[in-house]
>>> print(open('start34.cif').read())   # mmCIF, C-alpha atoms
data_coords
#
loop_
_atom_site.label_atom_id
_atom_site.label_comp_id
_atom_site.auth_asym_id
_atom_site.auth_seq_id
_atom_site.Cartn_x
_atom_site.Cartn_y
_atom_site.Cartn_z
CA MET A 1 11.93 -13.08 10.12
CA TYR A 2 12.48 -14.86 13.45
CA MET A 3 11.12 -18.43 13.62
CA TYR A 4 8.81 -17.67 16.54
CA LEU A 5 7.24 -14.74 14.66
CA LYS A 6 6.52 -17.00 11.69
CA LEU A 7 5.04 -19.53 14.09
CA MET A 8 2.78 -16.86 15.60
CA ASN A 9 1.21 -16.27 12.19
CA GLU A 10 0.77 -19.99 11.55
CA LEU A 11 -0.72 -20.62 15.00
CA GLU A 12 -3.10 -17.67 14.59
CA ASP A 13 -4.26 -19.16 11.29
CA LEU A 14 -4.65 -22.55 12.98
CA ILE A 15 -6.89 -21.01 15.65
CA LEU A 16 -8.96 -19.01 13.16
CA LYS A 17 -9.38 -21.69 10.50
CA GLN A 18 -9.93 -24.74 12.71
CA PRO A 19 -13.28 -25.08 14.49
CA TYR A 20 -11.82 -24.31 17.90
CA LYS A 21 -14.30 -23.27 20.55
CA ASP A 22 -13.74 -20.85 23.39
CA GLY A 23 -11.74 -22.68 26.04
CA GLN A 24 -10.67 -25.57 23.80
CA LYS A 25 -7.18 -26.88 24.38
CA LEU A 26 -4.50 -26.63 21.70
CA PRO A 27 -2.27 -29.62 20.87
CA SER A 28 0.67 -30.13 23.21
CA ILE A 29 3.94 -28.25 22.80
CA ARG A 30 5.59 -31.51 21.71
CA SER A 31 2.90 -32.12 19.08
CA LEU A 32 3.16 -28.58 17.75
CA SER A 33 6.94 -28.85 17.65
CA GLU A 34 6.68 -32.01 15.54
CA GLN A 35 3.92 -30.52 13.35
CA TYR A 36 5.90 -27.38 12.49
CA GLY A 37 9.35 -28.95 12.53
CA CYS A 38 10.91 -26.58 15.06
CA SER A 39 12.21 -26.51 18.59
CA LYS A 40 9.98 -26.57 21.66
CA SER A 41 11.50 -23.27 22.78
CA SER A 42 10.28 -21.56 19.57
CA ILE A 43 6.78 -22.97 20.15
CA ILE A 44 6.79 -21.81 23.77
CA LYS A 45 7.91 -18.29 22.79
CA ALA A 46 5.24 -18.05 20.07
CA LEU A 47 2.51 -19.30 22.43
CA GLY A 48 3.67 -16.85 25.08
CA GLU A 49 3.38 -13.93 22.66
CA LEU A 50 -0.11 -15.05 21.59
CA GLU A 51 -1.05 -15.23 25.26
CA LYS A 52 0.02 -11.59 25.68
CA ARG A 53 -2.31 -10.74 22.80
CA HIS A 54 -5.18 -12.51 24.59
CA LEU A 55 -5.66 -15.15 21.89
CA LEU A 56 -4.66 -17.91 24.32
CA TYR A 57 -4.44 -18.51 28.04
CA ALA A 58 -2.18 -20.96 29.86
CA MET A 59 -3.11 -23.43 32.58
CA PRO A 60 -0.16 -24.57 34.71
CA LYS A 61 0.74 -28.23 34.03
CA SER A 62 -2.17 -28.45 31.61
CA GLY A 63 -1.44 -26.49 28.42
CA TYR A 64 -2.71 -23.61 26.29
CA TYR A 65 -6.37 -22.88 25.62
CA VAL A 66 -8.12 -20.78 22.99
CA VAL A 67 -9.75 -17.44 23.72
CA LYS A 68 -12.37 -16.95 21.01
CA GLY A 69 -13.25 -13.27 20.70
CA THR A 70 -15.66 -11.70 18.24
CA ASP A 71 -12.83 -10.98 15.79
CA SER A 72 -11.87 -14.64 15.58
CA ALA A 73 -15.40 -15.94 15.10
CA PRO A 74 -16.35 -17.05 11.59
CA SER A 75 -17.40 -13.97 9.68
CA GLU A 76 -20.98 -13.65 8.50
CA ALA A 77 -21.93 -12.27 5.13
CA SER A 78 -21.94 -8.48 5.34
CA PRO A 79 -25.15 -6.68 4.30
CA MET A 80 -23.02 -4.04 2.51
CA LEU A 81 -20.22 -5.12 0.20
CA ASN A 82 -17.74 -2.26 0.13
CA PHE A 83 -15.60 -2.50 -3.00
CA ALA A 84 -14.98 1.28 -2.80
CA ALA A 85 -12.90 1.52 0.38
CA ALA A 86 -9.19 2.00 -0.30
CA ALA A 87 -8.00 1.95 3.32
CA PRO A 88 -6.40 -1.18 4.79
CA ASP A 89 -8.67 -3.72 6.48
CA PRO A 90 -9.10 -2.61 10.13
CA ASN A 91 -9.32 -6.29 11.12
CA VAL A 92 -5.62 -6.74 10.34
CA PHE A 93 -4.31 -3.60 12.05
CA PRO A 94 -1.54 -4.59 14.51
CA TYR A 95 -3.19 -2.88 17.48
CA LEU A 96 -1.57 -4.84 20.32
CA ASP A 97 1.89 -4.99 18.76
CA PHE A 98 1.94 -1.27 18.09
CA GLN A 99 0.56 -0.45 21.52
CA HIS A 100 3.51 -2.34 22.97
CA CYS A 101 5.89 -0.37 20.71
CA ILE A 102 4.40 2.97 21.79
CA ASN A 103 4.81 2.06 25.47
CA LYS A 104 8.33 0.84 24.82
CA ALA A 105 9.14 4.03 22.90
CA ILE A 106 8.06 6.20 25.83
CA ASP A 107 10.26 4.17 28.18
CA THR A 108 13.26 4.09 25.84
CA TYR A 109 13.19 7.57 24.30
CA GLN A 110 11.37 9.59 26.95
CA LYS A 111 13.95 12.40 26.95
CA ASP A 112 13.70 12.78 23.17
CA LEU A 113 9.96 12.44 22.53
CA PHE A 114 8.64 15.54 24.23
CA VAL A 115 10.90 18.13 22.64
CA TYR A 116 11.25 19.25 19.03
CA GLY A 117 13.05 16.81 16.77
CA THR A 118 14.71 17.56 13.46
CA ALA A 119 13.18 18.16 10.06
CA LYS A 120 15.16 15.22 8.73
CA GLY A 121 13.75 12.69 11.16
CA MET A 122 14.82 10.45 14.03
CA ALA A 123 18.34 9.13 13.42
CA SER A 124 17.66 5.60 14.73
CA LEU A 125 14.55 5.28 12.51
CA ILE A 126 16.46 6.48 9.44
CA ASP A 127 19.15 3.89 10.22
CA ILE A 128 16.75 0.92 10.32
CA VAL A 129 14.73 2.19 7.34
CA ARG A 130 17.86 2.56 5.22
CA LYS A 131 18.75 -1.06 5.97
CA GLN A 132 15.20 -2.24 5.29
CA PHE A 133 15.14 -0.42 1.95
CA MET A 134 17.98 -2.64 0.73
CA SER A 135 15.43 -5.45 0.44
CA TYR A 136 13.50 -3.22 -1.99
CA GLN A 137 16.72 -2.67 -4.02
CA VAL A 138 16.88 0.93 -2.80
CA PHE A 139 20.47 1.58 -1.74
CA THR A 140 21.11 5.02 -0.33
CA GLU A 141 22.98 6.98 2.32
CA GLU A 142 21.68 8.35 5.61
CA ARG A 143 22.03 11.92 4.35
CA ASN A 144 19.51 11.23 1.57
CA VAL A 145 16.73 9.75 3.76
CA PHE A 146 13.98 11.94 5.20
CA VAL A 147 11.03 11.08 7.44
CA VAL A 148 7.83 12.81 6.28
CA SER A 149 4.27 13.03 7.59
CA GLY A 150 2.98 10.71 4.90
CA VAL A 151 3.80 10.66 1.19
CA GLN A 152 1.25 13.45 0.69
CA GLN A 153 3.49 15.88 2.59
CA ALA A 154 6.51 14.92 0.49
CA LEU A 155 4.54 15.53 -2.72
CA SER A 156 3.33 18.95 -1.59
CA LEU A 157 6.90 19.99 -0.67
CA LEU A 158 8.28 18.76 -4.00
CA ALA A 159 5.60 20.62 -5.93
CA ALA A 160 6.39 23.85 -4.09
CA MET A 161 10.21 23.84 -4.01
CA PRO A 162 12.57 24.80 -6.86
CA PHE A 163 14.48 22.09 -8.70
CA PRO A 164 18.04 22.18 -10.07
CA ASN A 165 16.72 21.84 -13.64
CA GLY A 166 14.98 25.23 -13.25
CA LYS A 167 11.74 23.88 -14.73
CA GLN A 168 8.20 24.61 -13.53
CA LYS A 169 5.61 22.05 -14.69
CA VAL A 170 4.55 18.81 -13.04
CA LEU A 171 3.60 15.82 -15.20
CA ILE A 172 1.23 13.24 -13.71
CA GLU A 173 -0.38 10.01 -14.85
CA GLN A 174 -4.08 10.02 -15.63
CA PRO A 175 -5.91 8.69 -13.76
CA GLY A 176 -3.84 9.22 -10.64
CA TYR A 177 -3.65 10.07 -6.94
CA HIS A 178 -6.68 12.28 -6.28
CA LEU A 179 -5.27 14.18 -3.28
CA PHE A 180 -2.18 15.24 -5.22
CA ILE A 181 -4.36 16.29 -8.14
CA GLU A 182 -6.47 18.36 -5.75
CA TYR A 183 -3.32 19.95 -4.28
CA LEU A 184 -1.94 20.91 -7.70
CA GLU A 185 -5.22 22.37 -8.95
CA THR A 186 -6.03 24.23 -5.71
CA ARG A 187 -2.62 25.91 -5.67
CA ARG A 188 -2.59 26.47 -9.43
CA VAL A 189 0.66 24.57 -9.93
CA PRO A 190 1.34 24.18 -13.69
CA VAL A 191 0.44 20.56 -14.42
CA ILE A 192 0.13 18.29 -17.47
CA GLY A 193 -1.49 14.86 -17.60
CA ILE A 194 -0.48 11.80 -19.61
CA GLU A 195 -2.74 8.79 -20.03
CA ARG A 196 -1.84 5.61 -18.15
CA ARG A 197 -3.55 2.41 -19.21
CA PHE A 198 -3.35 -1.15 -17.99
CA ALA A 199 -1.04 -1.92 -20.91
CA GLY A 200 1.28 0.92 -19.88
CA ILE A 201 2.08 4.37 -21.14
CA ASP A 202 2.77 5.84 -24.58
CA PHE A 203 6.54 6.31 -24.37
CA ASP A 204 6.69 8.27 -27.62
CA ARG A 205 4.18 10.71 -26.16
CA LEU A 206 6.10 10.80 -22.87
CA GLU A 207 9.40 11.54 -24.61
CA LYS A 208 7.80 14.32 -26.65
CA ILE A 209 6.48 15.93 -23.45
CA PHE A 210 9.90 15.62 -21.80
CA ARG A 211 11.53 17.18 -24.87
CA THR A 212 9.12 20.03 -25.58
CA GLU A 213 7.55 20.94 -22.22
CA ASP A 214 9.05 22.61 -19.16
CA ILE A 215 8.76 19.47 -16.96
CA LYS A 216 10.15 19.75 -13.46
CA PHE A 217 9.23 16.21 -12.44
CA PHE A 218 7.07 13.27 -13.52
CA TYR A 219 5.02 11.73 -10.70
CA THR A 220 4.35 8.03 -11.22
CA MET A 221 3.16 4.94 -9.35
CA PRO A 222 5.06 2.25 -11.27
CA ARG A 223 4.01 -0.58 -8.95
CA PHE A 224 0.30 -1.44 -8.35
CA HIS A 225 -0.96 1.84 -9.74
CA ASN A 226 -3.82 3.51 -7.89
CA PRO A 227 -6.56 3.20 -9.12
CA LEU A 228 -5.74 0.93 -12.09
CA GLY A 229 -3.84 -1.80 -10.21
CA CYS A 230 -1.26 -2.34 -12.99
CA SER A 231 2.56 -2.19 -12.88
CA TYR A 232 5.36 -1.23 -15.23
CA THR A 233 7.73 -3.95 -16.41
CA ASN A 234 11.42 -3.74 -15.53
CA LYS A 235 12.10 -2.84 -19.17
CA GLU A 236 9.71 0.12 -18.92
CA LYS A 237 11.26 1.24 -15.63
CA LYS A 238 14.71 1.23 -17.20
CA ARG A 239 13.36 3.26 -20.11
CA LEU A 240 11.84 5.82 -17.74
CA ALA A 241 15.18 6.22 -15.93
CA LYS A 242 17.01 6.76 -19.23
CA LEU A 243 14.49 9.36 -20.46
CA ALA A 244 14.76 11.24 -17.16
CA ALA A 245 18.54 11.45 -17.51
CA LYS A 246 18.39 12.39 -21.21
CA TYR A 247 15.98 15.31 -20.75
CA ASP A 248 16.94 16.39 -17.20
CA VAL A 249 13.48 15.56 -15.81
CA TYR A 250 13.15 14.16 -12.29
CA ILE A 251 11.04 11.08 -11.59
CA VAL A 252 9.04 11.05 -8.35
CA GLU A 253 8.44 7.34 -7.73
CA ASP A 254 5.57 6.62 -5.31
CA ASP A 255 6.22 3.02 -4.23
CA TYR A 256 3.44 2.98 -1.67
CA LEU A 257 2.67 -0.75 -2.03
CA ALA A 258 6.22 -2.09 -2.24
CA ASP A 259 5.51 -4.43 0.69
CA PHE A 260 2.88 -6.32 -1.31
CA GLU A 261 5.21 -7.27 -4.17
CA GLN A 262 5.34 -11.04 -4.81
CA ASP A 263 7.86 -10.90 -7.68
CA SER A 264 11.39 -10.74 -6.25
CA LYS A 265 12.72 -9.52 -9.63
CA ALA A 266 10.41 -6.47 -9.79
CA ASP A 267 12.77 -3.64 -8.85
CA PRO A 268 11.77 0.04 -8.50
CA ILE A 269 12.81 2.71 -11.01
CA PHE A 270 15.27 3.90 -8.36
CA ALA A 271 17.31 0.72 -8.86
CA HIS A 272 17.87 1.66 -12.53
CA ASP A 273 18.76 5.32 -11.90
CA ASP A 274 22.37 6.11 -12.85
CA SER A 275 21.95 9.89 -13.00
CA SER A 276 20.40 10.76 -9.59
CA HIS A 277 17.12 11.81 -11.21
CA VAL A 278 14.78 9.53 -9.21
CA ILE A 279 13.13 10.56 -5.94
CA TYR A 280 11.86 7.50 -4.07
CA LEU A 281 8.79 7.73 -1.80
CA LYS A 282 7.56 4.96 0.50
CA SER A 283 4.54 4.91 2.82
CA TYR A 284 3.79 2.74 5.86
CA SER A 285 0.08 3.65 5.90
CA LYS A 286 -1.13 0.84 3.63
CA ILE A 287 0.81 -1.92 5.39
CA ILE A 288 0.34 -0.86 9.05
CA PHE A 289 -2.50 1.67 9.43
CA PRO A 290 -3.30 5.10 7.89
CA GLY A 291 -3.24 7.01 11.18
CA LEU A 292 0.48 6.37 11.60
CA ARG A 293 1.21 9.21 9.11
CA ILE A 294 4.84 8.26 8.56
CA GLY A 295 6.44 8.07 5.14
CA ILE A 296 9.99 8.08 3.81
CA ALA A 297 11.52 10.21 1.04
CA VAL A 298 14.89 9.43 -0.53
CA MET A 299 16.33 12.59 -2.09
CA PRO A 300 19.21 12.98 -4.56
CA ASP A 301 22.09 15.06 -3.18
CA LEU A 302 21.20 18.11 -5.29
CA LEU A 303 17.70 18.24 -3.75
CA ALA A 304 18.38 17.16 -0.16
CA GLU A 305 19.17 20.53 1.44
CA THR A 306 16.32 22.38 -0.28
CA PHE A 307 13.90 19.64 0.75
CA ARG A 308 15.11 19.84 4.36
CA LEU A 309 14.58 23.60 4.47
CA TYR A 310 11.08 23.40 3.00
CA LYS A 311 10.11 20.62 5.40
CA LYS A 312 11.47 22.50 8.40
CA GLN A 313 9.36 25.52 7.45
CA ASN A 314 6.32 23.29 6.92
CA ASP A 315 6.11 21.40 10.24
CA ILE A 316 9.49 21.53 12.09
CA ASP A 317 9.38 17.74 12.44
CA SER A 318 7.15 14.71 12.06
CA SER A 319 5.65 13.10 15.16
CA MET A 320 8.51 11.90 17.34
CA LEU A 321 6.33 9.39 19.18
CA SER A 322 5.20 7.80 15.91
CA GLN A 323 8.78 7.70 14.67
CA ALA A 324 10.07 6.07 17.85
CA ALA A 325 7.28 3.49 17.91
CA LEU A 326 7.86 2.64 14.24
CA GLU A 327 11.59 2.30 14.84
CA ILE A 328 10.96 -0.28 17.60
CA TYR A 329 8.31 -2.01 15.47
CA LEU A 330 10.73 -2.40 12.55
CA ARG A 331 13.77 -3.35 14.61
CA SER A 332 11.94 -5.96 16.74
CA GLY A 333 10.79 -8.05 13.80
CA MET A 334 7.11 -7.32 14.46
CA PHE A 335 6.84 -5.57 11.11
CA ASP A 336 8.12 -8.64 9.25
CA ARG A 337 5.53 -10.81 11.01
CA HIS A 338 2.70 -8.38 10.22
CA ARG A 339 3.81 -7.95 6.61
CA ALA A 340 3.81 -11.71 6.05
CA LYS A 341 0.33 -11.94 7.57
CA ILE A 342 -1.28 -9.11 5.61
CA ARG A 343 0.43 -10.08 2.35
CA SER A 344 -1.00 -13.58 2.68
CA ARG A 345 -4.52 -12.31 3.34
CA TYR A 346 -4.47 -9.71 0.59
CA ALA A 347 -2.97 -12.16 -1.90
CA ALA A 348 -5.87 -14.54 -1.25
CA ARG A 349 -8.41 -11.74 -1.79
CA ALA A 350 -6.60 -10.54 -4.91
CA LYS A 351 -6.77 -14.02 -6.49
CA LEU A 352 -10.48 -14.32 -5.70
CA LEU A 353 -11.17 -10.86 -7.12
CA ASP A 354 -9.14 -11.55 -10.26
CA ALA A 355 -10.80 -14.91 -10.95
CA ALA A 356 -14.32 -13.58 -10.31
CA LEU A 357 -13.85 -10.55 -12.58
CA ALA A 358 -12.38 -12.65 -15.38
CA LYS A 359 -15.32 -15.06 -15.15
CA GLU A 360 -17.97 -12.31 -15.16
CA ALA A 361 -16.29 -10.33 -17.95
CA ALA A 362 -16.30 -13.41 -20.17
CA ARG A 363 -20.04 -13.86 -19.78
CA SER A 364 -21.08 -10.20 -19.65
CA GLY A 365 -21.65 -9.97 -23.38
CA GLY A 366 -19.24 -7.05 -23.69
CA ALA A 367 -20.83 -5.01 -20.88
CA PHE A 368 -17.37 -4.59 -19.39
CA THR A 369 -13.80 -5.68 -20.00
CA TYR A 370 -11.21 -6.71 -17.46
CA GLU A 371 -7.50 -7.19 -18.08
CA ARG A 372 -5.83 -9.83 -15.95
CA SER A 373 -2.42 -9.38 -14.35
CA ARG A 374 0.30 -11.95 -13.82
CA ASN A 375 0.60 -10.59 -10.30
CA PRO A 376 -2.91 -9.50 -9.20
CA ILE A 377 -3.28 -6.95 -6.43
CA VAL A 378 -6.22 -6.35 -4.14
CA HIS A 379 -7.40 -3.28 -6.10
CA THR A 380 -8.11 -3.04 -9.82
CA HIS A 381 -10.55 -1.58 -12.37
CA ILE A 382 -12.99 -2.53 -15.11
CA LEU A 383 -13.72 -0.66 -18.34
CA LEU A 384 -17.46 -0.30 -18.97
CA ASP A 385 -19.09 -0.36 -22.38
CA LYS A 386 -19.62 3.19 -23.67
CA THR A 387 -23.41 2.71 -23.49
CA ILE A 388 -23.25 2.29 -19.69
CA SER A 389 -23.04 5.33 -17.42
CA ALA A 390 -20.53 4.70 -14.62
CA PRO A 391 -22.18 7.17 -12.17
CA LEU A 392 -25.64 5.69 -12.78
CA MET A 393 -24.34 2.15 -12.39
CA ILE A 394 -22.57 3.06 -9.13
CA ALA A 395 -25.82 4.57 -7.81
CA LYS A 396 -27.82 1.50 -8.88
CA LEU A 397 -25.39 -0.90 -7.22
CA LYS A 398 -25.51 1.13 -4.01
CA LYS A 399 -29.24 0.38 -3.81
CA GLU A 400 -28.23 -3.28 -4.07
CA SER A 401 -25.88 -2.82 -1.05
CA ILE A 402 -22.75 -2.88 -3.20
CA LEU A 403 -20.36 0.07 -3.11
CA LEU A 404 -18.07 0.83 -6.07
CA GLY A 405 -15.72 3.74 -6.66
CA GLY A 406 -15.86 6.20 -9.55
CA LEU A 407 -12.87 8.05 -10.96
CA ASP A 408 -14.12 11.65 -11.05
CA ARG A 409 -11.53 12.77 -8.48
CA ASP A 410 -8.73 10.79 -10.10
CA TYR A 411 -8.50 12.99 -13.21
CA LEU A 412 -7.43 16.56 -13.82
CA ALA A 413 -10.44 18.81 -14.43
CA HIS A 414 -9.99 19.06 -18.21
CA PHE A 415 -8.49 15.63 -18.94
CA GLU A 416 -10.62 13.22 -20.99
CA ARG A 417 -11.94 10.42 -18.80
CA GLU A 418 -12.23 6.72 -19.52
CA ASN A 419 -15.49 4.92 -18.61
CA ILE A 420 -13.83 3.16 -15.69
CA VAL A 421 -15.01 1.84 -12.34
CA LYS A 422 -12.47 0.86 -9.67
CA LEU A 423 -12.78 -2.02 -7.22
CA ASN A 424 -10.93 -2.70 -3.98
CA ALA A 425 -11.33 -5.87 -1.94
CA THR A 426 -9.44 -4.86 1.21
CA SER A 427 -12.70 -4.39 3.15
CA VAL A 428 -14.64 -7.32 1.64
CA ASN A 429 -14.65 -10.74 3.31
CA GLU A 430 -13.17 -13.50 1.18
CA ASP A 431 -16.47 -15.40 1.25
CA ASP A 432 -18.29 -12.35 -0.15
CA ILE A 433 -16.01 -11.44 -3.07
CA GLU A 434 -17.32 -13.92 -5.64
CA ARG A 435 -21.01 -13.30 -4.93
CA GLY A 436 -20.44 -9.53 -5.02
CA ILE A 437 -18.71 -9.65 -8.40
CA GLU A 438 -21.40 -11.99 -9.74
CA ARG A 439 -24.06 -9.44 -8.81
CA ILE A 440 -22.06 -6.58 -10.37
CA GLY A 441 -21.60 -8.58 -13.56
CA ALA A 442 -25.29 -9.45 -13.76
CA LEU A 443 -26.40 -5.83 -13.37
CA LEU A 444 -23.87 -4.60 -15.95
CA ALA A 445 -24.96 -7.25 -18.46
CA GLN A 446 -28.59 -6.31 -17.83
CA SER A 447 -27.86 -2.61 -18.41
CA ALA A 448 -25.96 -3.31 -21.64
CA ARG A 449 -28.93 -5.21 -23.10
CA LYS A 450 -31.35 -2.31 -22.58
#
>>> encode(input="start34.cif", output="structure tokens")
Amino acid sequence: MYMYLKLMNELEDLILKQPYKDGQKLPSIRSLSEQYGCSKSSIIKALGELEKRHLLYAMPKSGYYVVKGTDSAPSEASPMLNFAAAAPDPNVFPYLDFQHCINKAIDTYQKDLFVYGTAKGMASLIDIVRKQFMSYQVFTEERNVFVVSGVQQALSLLAAMPFPNGKQKVLIEQPGYHLFIEYLETRRVPVIGIERRFAGIDFDRLEKIFRTEDIKFFYTMPRFHNPLGCSYTNKEKKRLAKLAAKYDVYIVEDDYLADFEQDSKADPIFAHDDSSHVIYLKSYSKIIFPGLRIGIAVMPDLLAETFRLYKKQNDIDSSMLSQAALEIYLRSGMFDRHRAKIRSRYAARAKLLDAALAKEAARSGGAFTYERSRNPIVHTHILLDKTISAPLMIAKLKKESILLGGLDRDYLAHFERENIVKLNATSVNEDDIERGIERIGALLAQSARK
């Protein structure tokens, strides 16, 4: 990431965290240069970019002054604590940066944006994405990369198209991605579920299913599983890749939160695939904003042409304007700046959520259990005591202005459900997380005693 982009994040934090008032002057360029250990030119460029975003204004021969809008004011405690929302925090959407990229895209690619594109996607976007994917340990060729209208579209195409192994059934983790479950059940696609727990998956059970069932592909979220929040170890990922090769079963790896990974040694299953049996999916919705509707699919050679044909028949192409804007956003370095910013904020919320849940679980008297992770993420789950009804507890907490999410939609219709409640802190202010979890813990402990 460019130095001035890193400085922009640090200066934004300085403005937000320090008690600056509207119109208050920032330290001089020389002082900031000494404070951050960088050149004056980097400080000037960062301040200039923040001025374009209306966080600062410059006075000739005087300096830079703070513009305090409503978004930068200290946040007040929200009357409704929403631990159910799974969407990214709207307060960290890169509105101004992406608006600039859209305008730049229209100027740069105007002859290409208003005609049909290709089913494969915009060549310049595929080029920058392929290079970016190297940092995720996903090394592939241009011919294998496809732009899709979100990961959901890629999943629907994969479920519908034939595979080289000639098999028919889809295997999915339970609980799992509710929209894909709905798609499979609505279209009567043959599907089997396998239980996923925080501790992992039963590999003996998985191997038996691979060996005895007609499994076309296994859909998995190995990193920061939704809704559980857990991840496979590298050892487990290697084992999955070996089983896929042994039994000619494809793995569809949904790496939708790859950008939030803090462990540099946590590689995707794709990195361990020696037999071209792993399909890698990556979304930009959770790191930028959901309305972008751009995802990436990396297809093995044997599947690439079939996937292209099915996608072409599905929507001709994905939005060219969105593709062009994303290409500029990635190439300019704006994405790296935004990723660093949102990772920092979500990491802080994840630590607060993890600590608060561990504390309340310990003093709940067994009302619920919570398993801690070495690398906590901003969403997770708790397992309620069997005497507590999850739907009734969710309804009771709603009356207390606390929203929690149930898992009814996250299971296949006839799969046995665990007594689980999911929590997501993306839409909860940091100052509200601990008090919200304390209230949840108190009500659960009270219900368990009755």
>>> residues_around(input="start34.cif", residues="Met320 of chain A", least_positions_apart="3", cutoff="12 Å", atoms="only C-alpha atoms", output="PyMOL selection string")
chain A and resi 102+105-106+109-125+147-149+292-294+316-317+323-327
>>> resolve_selection(input="start34.cif", expression="the PyMOL selection byres ((chain A and resi 280) around 9)", output="PDB file with C-alpha atoms, in the frame of the given file")
ATOM      1  CA  VAL A 138      16.880   0.930  -2.800  1.00  0.00           C
ATOM      2  CA  ILE A 251      11.040  11.080 -11.590  1.00  0.00           C
ATOM      3  CA  VAL A 252       9.040  11.050  -8.350  1.00  0.00           C
ATOM      4  CA  GLU A 253       8.440   7.340  -7.730  1.00  0.00           C
ATOM      5  CA  ASP A 254       5.570   6.620  -5.310  1.00  0.00           C
ATOM      6  CA  ASP A 255       6.220   3.020  -4.230  1.00  0.00           C
ATOM      7  CA  PRO A 268      11.770   0.040  -8.500  1.00  0.00           C
ATOM      8  CA  ILE A 269      12.810   2.710 -11.010  1.00  0.00           C
ATOM      9  CA  PHE A 270      15.270   3.900  -8.360  1.00  0.00           C
ATOM     10  CA  VAL A 278      14.780   9.530  -9.210  1.00  0.00           C
ATOM     11  CA  ILE A 279      13.130  10.560  -5.940  1.00  0.00           C
ATOM     12  CA  LEU A 281       8.790   7.730  -1.800  1.00  0.00           C
ATOM     13  CA  LYS A 282       7.560   4.960   0.500  1.00  0.00           C
ATOM     14  CA  ILE A 296       9.990   8.080   3.810  1.00  0.00           C
ATOM     15  CA  ALA A 297      11.520  10.210   1.040  1.00  0.00           C
ATOM     16  CA  VAL A 298      14.890   9.430  -0.530  1.00  0.00           C
ATOM     17  CA  MET A 299      16.330  12.590  -2.090  1.00  0.00           C
TER      18      MET A 299
END
>>> atom_distance(input="start34.cif", atom1="atom CA of Leu407 of chain A", atom2="atom CA of Lys422 of chain A")
7.3 Å
>>> closest_residue(input="start34.cif", among="A:Ala84, A:Gln174, A:Leu302, A:Glu195", to="Ile402 of chain A", atoms="all atoms listed in the file")
A:Ala84
>>> closest_residue(input="start34.cif", among="A:Thr369, A:Thr426, A:Ser135, A:Thr306", to="Asn82 of chain A", atoms="all atoms listed in the file")
A:Thr426
>>> closest_residue(input="start34.cif", among="A:Ser42, A:Ser275, A:Ser364, A:Ser322", to="Gly441 of chain A", atoms="only C-alpha atoms")
A:Ser364
>>> closest_residue(input="start34.cif", among="A:Lys45, A:Leu55, A:Glu142, A:Tyr2", to="Leu26 of chain A", atoms="only C-alpha atoms")
A:Leu55
